[in-house]
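Shown next: start-v6.txt, containing compact mmCIF, C-alpha atoms.
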# COMPACT_ATOMS: atom_id res chain seq x y z
CA MET A 232 68.09 106.84 110.02
CA ARG A 233 70.65 109.28 108.73
CA LYS A 234 72.97 108.88 105.76
CA GLY A 235 76.73 109.32 106.06
CA ILE A 236 78.81 111.43 103.67
CA LEU A 237 82.59 111.23 103.65
CA LEU A 238 84.58 113.92 101.84
CA VAL A 239 88.22 112.94 101.28
CA ASN A 240 91.01 115.16 100.02
CA LEU A 241 94.68 114.29 99.56
CA GLY A 242 96.32 115.47 102.75
CA THR A 243 98.49 118.05 104.43
CA PRO A 244 101.12 118.10 107.17
CA ILE A 245 99.80 118.80 110.66
CA SER A 246 102.21 121.74 110.81
CA PRO A 247 104.92 123.16 108.52
CA SER A 248 107.67 121.81 110.77
CA VAL A 249 110.29 119.62 109.06
CA ASN A 250 109.35 116.66 111.23
CA ASN A 251 105.64 116.83 110.37
CA VAL A 252 106.33 117.42 106.69
CA ARG A 253 108.63 114.40 106.74
CA LYS A 254 105.83 112.24 108.20
CA TYR A 255 103.38 113.50 105.59
CA LEU A 256 105.73 112.90 102.65
CA ALA A 257 106.66 109.43 103.88
CA GLU A 258 103.04 108.31 104.23
CA PHE A 259 102.05 109.88 100.90
CA LEU A 260 104.94 108.56 98.83
CA MET A 261 104.92 105.07 100.36
CA ASP A 262 101.43 104.51 98.96
CA PRO A 263 101.89 101.86 96.21
CA ARG A 264 99.30 103.68 94.09
CA VAL A 265 101.44 106.84 94.17
CA ILE A 266 104.83 105.29 93.46
CA THR A 267 104.23 102.00 91.69
CA LEU A 268 107.52 100.27 92.49
CA HIS A 269 108.15 97.07 94.40
CA ARG A 270 107.78 97.80 98.12
CA PHE A 271 111.50 97.40 98.86
CA LEU A 272 112.56 99.69 96.00
CA ARG A 273 109.87 102.18 96.96
CA PHE A 274 111.13 102.14 100.56
CA LEU A 275 114.70 102.86 99.45
CA LEU A 276 113.61 105.65 97.11
CA VAL A 277 111.24 107.33 99.55
CA ARG A 278 112.95 106.80 102.90
CA CYS A 279 116.56 107.11 101.79
CA ILE A 280 116.42 109.64 98.95
CA ILE A 281 113.23 111.69 98.48
CA VAL A 282 112.14 112.38 102.07
CA PRO A 283 115.61 113.16 103.53
CA PHE A 284 116.38 115.61 100.72
CA ARG A 285 112.89 117.06 100.20
CA ALA A 286 111.45 117.46 103.71
CA ALA A 287 113.29 120.66 104.68
CA LYS A 288 112.61 122.32 101.32
CA SER A 289 108.93 121.37 101.39
CA ALA A 290 108.63 122.62 104.97
CA ARG A 291 109.95 126.04 103.88
CA LEU A 292 107.31 126.16 101.14
CA TYR A 293 104.51 125.15 103.50
CA ARG A 294 105.56 127.91 105.89
CA LYS A 295 105.09 130.44 103.08
CA ILE A 296 101.41 129.52 102.65
CA TRP A 297 100.58 128.62 106.28
CA ASP A 298 98.13 131.05 107.85
CA SER A 299 98.70 132.00 111.50
CA GLN A 300 94.96 131.72 112.20
CA THR A 301 93.61 129.05 109.86
CA GLY A 302 96.73 126.92 109.32
CA SER A 303 96.88 124.71 106.22
CA PRO A 304 94.86 126.24 103.34
CA LEU A 305 93.84 122.80 102.08
CA LEU A 306 92.51 121.71 105.47
CA HIS A 307 90.88 125.10 106.09
CA TYR A 308 88.98 125.15 102.79
CA SER A 309 88.12 121.45 103.03
CA ASN A 310 86.62 122.02 106.48
CA MET A 311 84.70 124.97 105.06
CA GLN A 312 83.29 122.76 102.30
CA ARG A 313 82.29 120.13 104.87
CA GLN A 314 80.46 122.70 106.99
CA LEU A 315 78.67 124.28 104.03
CA LEU A 316 77.62 120.88 102.67
CA LYS A 317 76.37 119.85 106.11
CA MET A 318 74.17 122.97 106.23
CA GLU A 319 72.76 122.29 102.75
CA LEU A 320 72.00 118.61 103.35
CA GLY A 321 70.30 119.10 106.71
CA ARG A 322 69.60 116.76 109.59
CA GLY A 323 69.17 113.64 107.50
CA TYR A 324 72.90 113.47 106.85
CA VAL A 325 76.12 113.19 108.84
CA VAL A 326 79.04 114.77 106.97
CA GLU A 327 82.66 114.01 107.85
CA LEU A 328 85.97 115.08 106.34
CA ALA A 329 89.10 112.97 105.97
CA MET A 330 92.50 113.29 104.39
CA ARG A 331 93.98 110.32 102.59
CA TYR A 332 97.28 111.04 104.32
CA GLN A 333 97.74 112.36 107.87
CA TYR A 334 94.96 114.07 109.84
CA PRO A 335 92.00 113.67 109.99
CA SER A 336 92.49 110.09 108.82
CA ILE A 337 90.00 108.03 106.84
CA GLU A 338 89.79 105.54 109.70
CA LEU A 339 88.94 108.30 112.20
CA ALA A 340 86.23 109.80 109.96
CA LEU A 341 84.70 106.40 109.18
CA ASN A 342 84.58 105.54 112.87
CA LYS A 343 82.70 108.79 113.51
CA LEU A 344 80.13 107.78 110.91
CA LYS A 345 79.96 104.31 112.43
CA THR A 346 79.38 105.75 115.92
CA ALA A 347 76.65 108.00 114.51
CA GLY A 348 74.83 104.87 113.35
CA VAL A 349 74.35 105.94 109.73
CA GLU A 350 72.42 103.57 107.46
CA SER A 351 74.71 104.14 104.45
CA ILE A 352 77.96 105.86 103.52
CA ARG A 353 78.59 107.86 100.37
CA VAL A 354 82.31 108.53 99.75
CA ILE A 355 83.28 111.55 97.65
CA PRO A 356 86.99 111.73 96.78
CA MET A 357 87.56 115.44 96.17
CA PHE A 358 89.34 114.96 92.85
CA PRO A 359 87.29 115.88 89.76
CA GLN A 360 89.34 113.63 87.47
CA TYR A 361 89.86 109.96 88.34
CA ALA A 362 93.40 108.69 88.94
CA SER A 363 94.53 105.51 90.65
CA ALA A 364 96.90 107.61 92.79
CA THR A 365 94.10 109.84 94.11
CA SER A 366 90.50 108.62 93.88
CA GLY A 367 91.62 105.01 93.49
CA SER A 368 93.77 105.23 96.60
CA VAL A 369 90.93 106.77 98.62
CA ILE A 370 88.48 104.06 97.56
CA ALA A 371 91.01 101.31 98.31
CA LYS A 372 91.73 102.74 101.78
CA VAL A 373 88.04 103.03 102.63
CA MET A 374 87.42 99.42 101.62
CA GLU A 375 90.50 98.25 103.53
CA THR A 376 89.31 100.06 106.67
CA MET A 377 85.70 98.91 106.50
CA ASN A 378 86.77 95.33 105.79
CA LYS A 379 87.58 95.12 109.53
CA TRP A 380 84.02 96.03 110.56
CA ASP A 381 81.57 93.33 111.63
CA VAL A 382 78.62 95.20 110.17
CA ILE A 383 79.28 97.00 106.89
CA PRO A 384 76.54 99.44 105.83
CA SER A 385 75.63 100.15 102.25
CA VAL A 386 78.61 101.97 100.69
CA SER A 387 78.86 103.91 97.42
CA PHE A 388 81.62 105.94 95.81
CA VAL A 389 81.87 108.88 93.42
CA ASN A 390 84.37 107.74 90.82
CA SER A 391 84.88 111.16 89.23
CA PHE A 392 83.01 114.38 88.53
CA HIS A 393 85.13 115.87 85.78
CA ASP A 394 82.08 116.96 83.78
CA ASP A 395 79.71 117.87 86.61
CA GLU A 396 77.67 120.86 85.46
CA PHE A 397 77.88 122.70 88.77
CA MET A 398 81.59 122.07 89.20
CA ILE A 399 82.25 123.38 85.69
CA GLU A 400 80.09 126.43 86.33
CA ALA A 401 81.85 127.08 89.66
CA PHE A 402 85.24 127.27 87.91
CA ALA A 403 83.72 129.39 85.15
CA GLU A 404 82.17 131.74 87.73
CA ASN A 405 85.58 132.27 89.32
CA GLY A 406 87.09 132.81 85.88
CA ARG A 407 84.60 135.55 85.02
CA LYS A 408 86.34 137.77 87.57
CA TYR A 409 89.24 137.86 85.10
CA PRO A 410 87.79 138.27 81.58
CA ALA A 411 89.77 136.04 79.21
CA GLU A 412 89.85 138.75 76.54
CA ASN A 413 92.18 140.73 78.82
CA TYR A 414 94.82 137.99 78.58
CA ASP A 415 96.99 136.75 75.73
CA HIS A 416 96.47 133.09 76.57
CA VAL A 417 94.71 130.81 79.07
CA LEU A 418 96.26 127.77 80.75
CA PHE A 419 94.40 124.87 82.32
CA SER A 420 97.07 123.38 84.55
CA PHE A 421 96.34 119.97 86.09
CA HIS A 422 98.40 117.97 88.55
CA GLY A 423 100.71 115.66 86.64
CA LEU A 424 101.05 111.87 86.70
CA PRO A 425 103.70 109.49 85.34
CA GLU A 426 102.76 108.31 81.85
CA ALA A 427 103.20 104.75 83.09
CA GLN A 428 100.20 105.18 85.39
CA LEU A 429 98.02 106.21 82.46
CA ILE A 430 99.12 103.15 80.51
CA GLN A 431 98.30 100.89 83.46
CA CYS A 432 94.73 102.23 83.44
CA ASP A 433 94.24 101.50 79.72
CA ALA A 434 92.06 98.39 79.75
CA SER A 435 92.33 98.06 75.95
CA GLY A 436 96.13 97.91 76.06
CA SER A 437 96.25 99.53 72.65
CA HIS A 438 95.27 103.17 73.07
CA CYS A 439 97.19 105.07 75.76
CA GLN A 440 100.43 106.61 74.47
CA ARG A 441 100.10 104.50 71.30
CA LYS A 442 98.01 106.93 69.31
CA LYS A 443 98.75 110.57 68.65
CA GLY A 444 96.47 112.79 70.70
CA CYS A 445 95.15 109.75 72.58
CA CYS A 446 94.03 111.92 75.51
CA ASP A 447 92.71 114.92 73.60
CA THR A 448 89.14 113.62 73.37
CA LEU A 449 87.15 111.58 75.88
CA THR A 450 85.83 108.38 74.28
CA SER A 451 84.42 104.98 75.23
CA VAL A 452 88.00 103.66 75.18
CA ASN A 453 89.69 106.21 77.46
CA PHE A 454 86.76 107.34 79.64
CA ASN A 455 88.70 106.37 82.79
CA CYS A 456 91.90 108.11 81.67
CA TYR A 457 92.96 110.96 83.97
CA ALA A 458 94.47 113.02 81.14
CA ALA A 459 91.45 112.54 78.86
CA GLN A 460 89.15 113.64 81.68
CA ALA A 461 91.41 116.64 82.30
CA HIS A 462 91.17 117.71 78.64
CA HIS A 463 87.39 117.27 78.81
CA THR A 464 87.11 119.41 81.95
CA ALA A 465 89.19 122.16 80.36
CA ARG A 466 87.11 122.05 77.19
CA LEU A 467 83.85 122.39 79.12
CA ILE A 468 85.12 125.36 81.14
CA ALA A 469 86.46 127.00 77.97
CA ILE A 470 83.12 126.55 76.20
CA ARG A 471 81.30 128.04 79.18
CA LEU A 472 83.58 131.11 79.03
CA GLY A 473 83.69 131.39 75.25
CA ILE A 474 87.43 130.68 75.06
CA LEU A 475 88.34 129.33 71.61
CA PRO A 476 90.54 126.20 71.33
CA GLY A 477 93.52 128.11 69.93
CA ASN A 478 93.47 130.49 72.89
CA TYR A 479 94.07 127.96 75.65
CA THR A 480 96.47 125.13 76.48
CA VAL A 481 96.03 122.08 78.72
CA CYS A 482 99.20 121.33 80.67
CA PHE A 483 100.42 119.41 83.73
CA GLN A 484 102.39 120.54 86.78
CA SER A 485 104.12 119.17 89.90
CA ARG A 486 106.39 116.63 88.23
CA LEU A 487 108.45 114.51 90.63
CA GLY A 488 111.53 112.49 89.64
CA ARG A 489 113.02 111.73 86.23
CA ALA A 490 110.31 109.51 84.75
CA GLU A 491 108.23 110.72 81.81
CA TRP A 492 105.08 112.44 83.07
CA ILE A 493 102.02 113.66 81.18
CA LYS A 494 102.99 116.40 78.74
CA PRO A 495 103.16 119.25 78.13
CA TYR A 496 104.68 120.37 81.41
CA THR A 497 103.23 123.63 82.73
CA ALA A 498 106.70 125.07 83.41
CA ASP A 499 107.74 124.48 79.78
CA VAL A 500 104.53 125.97 78.41
CA ILE A 501 104.87 129.10 80.53
CA ALA A 502 108.51 129.60 79.54
CA ASN A 503 107.74 129.06 75.84
CA LEU A 504 104.81 131.46 75.87
CA ALA A 505 106.92 134.18 77.50
CA GLN A 506 109.72 133.67 74.99
CA THR A 507 107.20 133.82 72.14
CA GLY A 508 106.04 137.24 73.29
CA TYR A 509 102.94 136.51 75.34
CA LYS A 510 102.67 139.05 78.16
CA ARG A 511 99.55 138.17 80.13
CA LEU A 512 98.48 134.66 81.19
CA LEU A 513 95.37 133.45 83.00
CA VAL A 514 95.75 130.11 84.79
CA PHE A 515 93.03 127.73 85.99
CA CYS A 516 93.84 124.65 88.11
CA PRO A 517 90.76 122.44 87.67
CA ALA A 518 92.26 119.36 89.35
CA PHE A 519 92.10 121.14 92.72
CA VAL A 520 88.78 121.97 94.41
CA ALA A 521 90.55 123.74 97.29
CA ASP A 522 93.56 126.03 97.14
CA CYS A 523 96.75 124.43 98.39
CA LEU A 524 100.52 124.42 97.95
CA GLU A 525 100.24 123.50 94.27
CA THR A 526 97.97 126.43 93.45
CA ILE A 527 98.92 129.16 95.90
CA TYR A 528 102.68 128.71 95.73
CA GLU A 529 103.61 126.59 92.72
CA ILE A 530 101.46 128.54 90.27
CA GLY A 531 100.93 131.77 92.17
CA VAL A 532 104.57 132.34 93.11
CA GLU A 533 107.05 130.00 91.39
CA TYR A 534 105.50 129.94 87.93
CA ARG A 535 104.59 133.62 88.09
CA GLU A 536 108.25 134.47 88.82
CA MET A 537 109.32 132.14 86.00
CA PHE A 538 106.99 133.90 83.57
CA LEU A 539 108.14 137.37 84.58
CA THR A 540 111.80 136.38 84.39
CA ALA A 541 111.27 135.01 80.88
CA GLY A 542 109.75 138.29 79.68
CA GLY A 543 106.07 138.09 80.66
CA GLN A 544 104.29 140.89 82.48
CA HIS A 545 101.42 139.33 84.43
CA LEU A 546 100.27 135.83 85.41
CA GLN A 547 96.89 135.61 87.12
CA LEU A 548 95.87 132.50 89.06
CA VAL A 549 92.12 131.84 89.16
CA GLU A 550 91.35 130.81 92.73
CA SER A 551 90.02 127.33 93.36
CA LEU A 552 86.45 126.46 94.38
CA ASN A 553 86.98 126.76 98.14
CA GLY A 554 83.66 128.02 99.55
CA SER A 555 81.88 128.45 96.21
CA PRO A 556 78.09 128.02 96.71
CA ILE A 557 77.86 126.55 93.21
CA PHE A 558 80.41 123.87 94.06
CA ILE A 559 78.60 123.09 97.30
CA LYS A 560 75.53 122.47 95.15
CA ALA A 561 77.61 120.02 93.11
CA LEU A 562 78.60 118.20 96.30
CA GLN A 563 74.98 118.21 97.48
CA ASN A 564 73.89 116.49 94.28
CA MET A 565 76.68 113.94 94.54
CA ALA A 566 75.87 113.28 98.19
CA SER A 567 72.17 112.73 97.49
CA GLN A 568 72.97 110.88 94.24
CA LYS A 569 70.88 113.22 92.15
CA ALA A 570 71.64 114.07 88.54
CA PRO A 571 72.37 117.82 88.58
CA VAL A 572 70.22 120.14 86.48
CA LEU A 573 71.72 123.56 85.84
CA GLU A 574 70.03 126.52 84.22
CA HIS A 575 72.46 127.85 81.62
CA HIS A 576 71.50 130.50 79.07
CA GLY A 577 67.86 129.64 79.62
CA VAL A 578 68.29 125.94 78.84
CA LYS A 579 68.06 123.20 81.46
CA ARG A 580 70.95 120.75 81.10
CA LEU A 581 71.07 117.32 82.69
CA CYS A 582 74.40 115.78 83.74
CA LEU A 583 74.40 112.17 84.89
CA SER A 584 76.49 111.44 88.00
CA HIS A 585 79.35 108.97 87.90
As structure tokens, how would this structure be written, given the file I've shared?
Amino acid sequence: MRKGILLVNLGTPISPSVNNVRKYLAEFLMDPRVITLHRFLRFLLVRCIIVPFRAAKSARLYRKIWDSQTGSPLLHYSNMQRQLLKMELGRGYVVELAMRYQYPSIELALNKLKTAGVESIRVIPMFPQYASATSGSVIAKVMETMNKWDVIPSVSFVNSFHDDEFMIEAFAENGRKYPAENYDHVLFSFHGLPEAQLIQCDASGSHCQRKKGCCDTLTSVNFNCYAAQAHHTARLIAIRLGILPGNYTVCFQSRLGRAEWIKPYTADVIANLAQTGYKRLLVFCPAFVADCLETIYEIGVEYREMFLTAGGQHLQLVESLNGSPIFIKALQNMASQKAPVLEHHGVKRLCLSH
């Protein structure tokens, strides 16, 4: 009997046409874990305001990154990761790829695993840091879909892998192409979330946004906090590359709407650094395991132009993990539920899976 592995990333329009982008945005933003309003209010906001005004603009941006041969970068690199993982795992596994929104759907991928007759299914949401709007939404959709099955095989989920040794090393390996000492400052830019969503995930009810620096350090109280996991990921990559705390900043991008999101905002940090006299910035995006609109265009084009306009000279984006063999090893360990052991500076280090 073979084991089933399901990789799930966020999603992408089928094409950069306005109509397909509209469908993608509507499905994405109507998810109650993404916009946590009452269904009726969410419908009015998404269907009557956001999608009608944002679809055409987003379609123009997608066209700028769409490749004539490979199409959507996110889907292209995600398919590459699926194929590479399949090769590493061998015949004892069936590996499928899904997108939480649009194609290929979670239902389609699960049905393929069902048809293959796998004895178990291991679901890996492709988000290193846990958030209800990403990993939580994937897990909820998988359970909702499989709830309709008569026979439900053994199912397990990867909650997060923000401190996975191989994932950290994969980002560090990419970063070594751009020695940090050649830059004035390093940014670790993560996808943002509304602060309200962090508060909702605070089981203690007394920590999140109530204590100064509540997310700066990962503890037994905030171990499920997206921002705390983000800070921890950045710290581990910085340690691996020898970047001192004062030489890097953790920030958050892709804010949507007027609500308070996790701070500091990447756009503000970049503008302030340029105005302060910093000329060269190196930017990692460790919330993304595959390059996409948020890395290629938002950081690589929009924020670069912002930095140059404000007086900077060079902003270098560190590419995402894409086809990194080291990251595929991380996925292999997660798929087989093994604790990864990584040789680093002659010392074997053990990292327990989540």
- request: Choose the residue, out of A:Gly543, A:Gly488, A:Gly235, A:Pro359, that has the smallest atom-to-atom separation from A:Phe397; count only C-alpha atoms.
  value: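 For A:Phe397, the nearest of the candidates is A:Pro359.
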field: Atom pair atom CA of A:Leu487 / atom CA of A:Leu449: separation (Å)
entry: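 It comes out at 26.1 Å.
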field: Non-local contacts of A:Ser485 (10 Å; all atoms listed in the file; under 5 positions in same chain excluded) as an NGL selection string
entry: :A and (420-424 or 492 or 496-498 or 525 or 529-530)
Give me, as a compact mmCIF listing (two decimals) with C-alpha atoms, in the frame of the given file, all polymer residues having an atom no more than 10 Å from stretch 404-406 of chain A, counting only C-alpha atoms and skipping those fewer than 6 positions away in the same chain.
# COMPACT_ATOMS: atom_id res chain seq x y z
CA MET A 398 81.59 122.07 89.20
CA ILE A 468 85.12 125.36 81.14
CA ALA A 469 86.46 127.00 77.97
CA ARG A 471 81.30 128.04 79.18
CA LEU A 472 83.58 131.11 79.03
CA LEU A 513 95.37 133.45 83.00
CA VAL A 514 95.75 130.11 84.79
CA PHE A 515 93.03 127.73 85.99
CA LEU A 548 95.87 132.50 89.06
CA VAL A 549 92.12 131.84 89.16
CA GLU A 550 91.35 130.81 92.73
CA SER A 551 90.02 127.33 93.36
CA LEU A 552 86.45 126.46 94.38
CA SER A 555 81.88 128.45 96.21
CA ILE A 557 77.86 126.55 93.21
- request: For the point (95.7, 115.1, 75.3) in the file's frame, write as number ranges by chain all residues with an atom no more than 8 Å away, counting only C-alpha atoms.
  value: A: 444-448, 458-459, 462, 481
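The protein and nucleic acid residues lying at most 12 Å from A:Glu536 are Ala498, Ile501, Ala502, Ala505, Tyr528, Glu529, Ile530, Gly531, Val532, Thr540, Ala541, Gly542, Gly543, Gln544, His545, Leu546 and Gln547 of chain A, with all atoms listed in the file considered and sequence neighbours fewer than 4 positions away removed.
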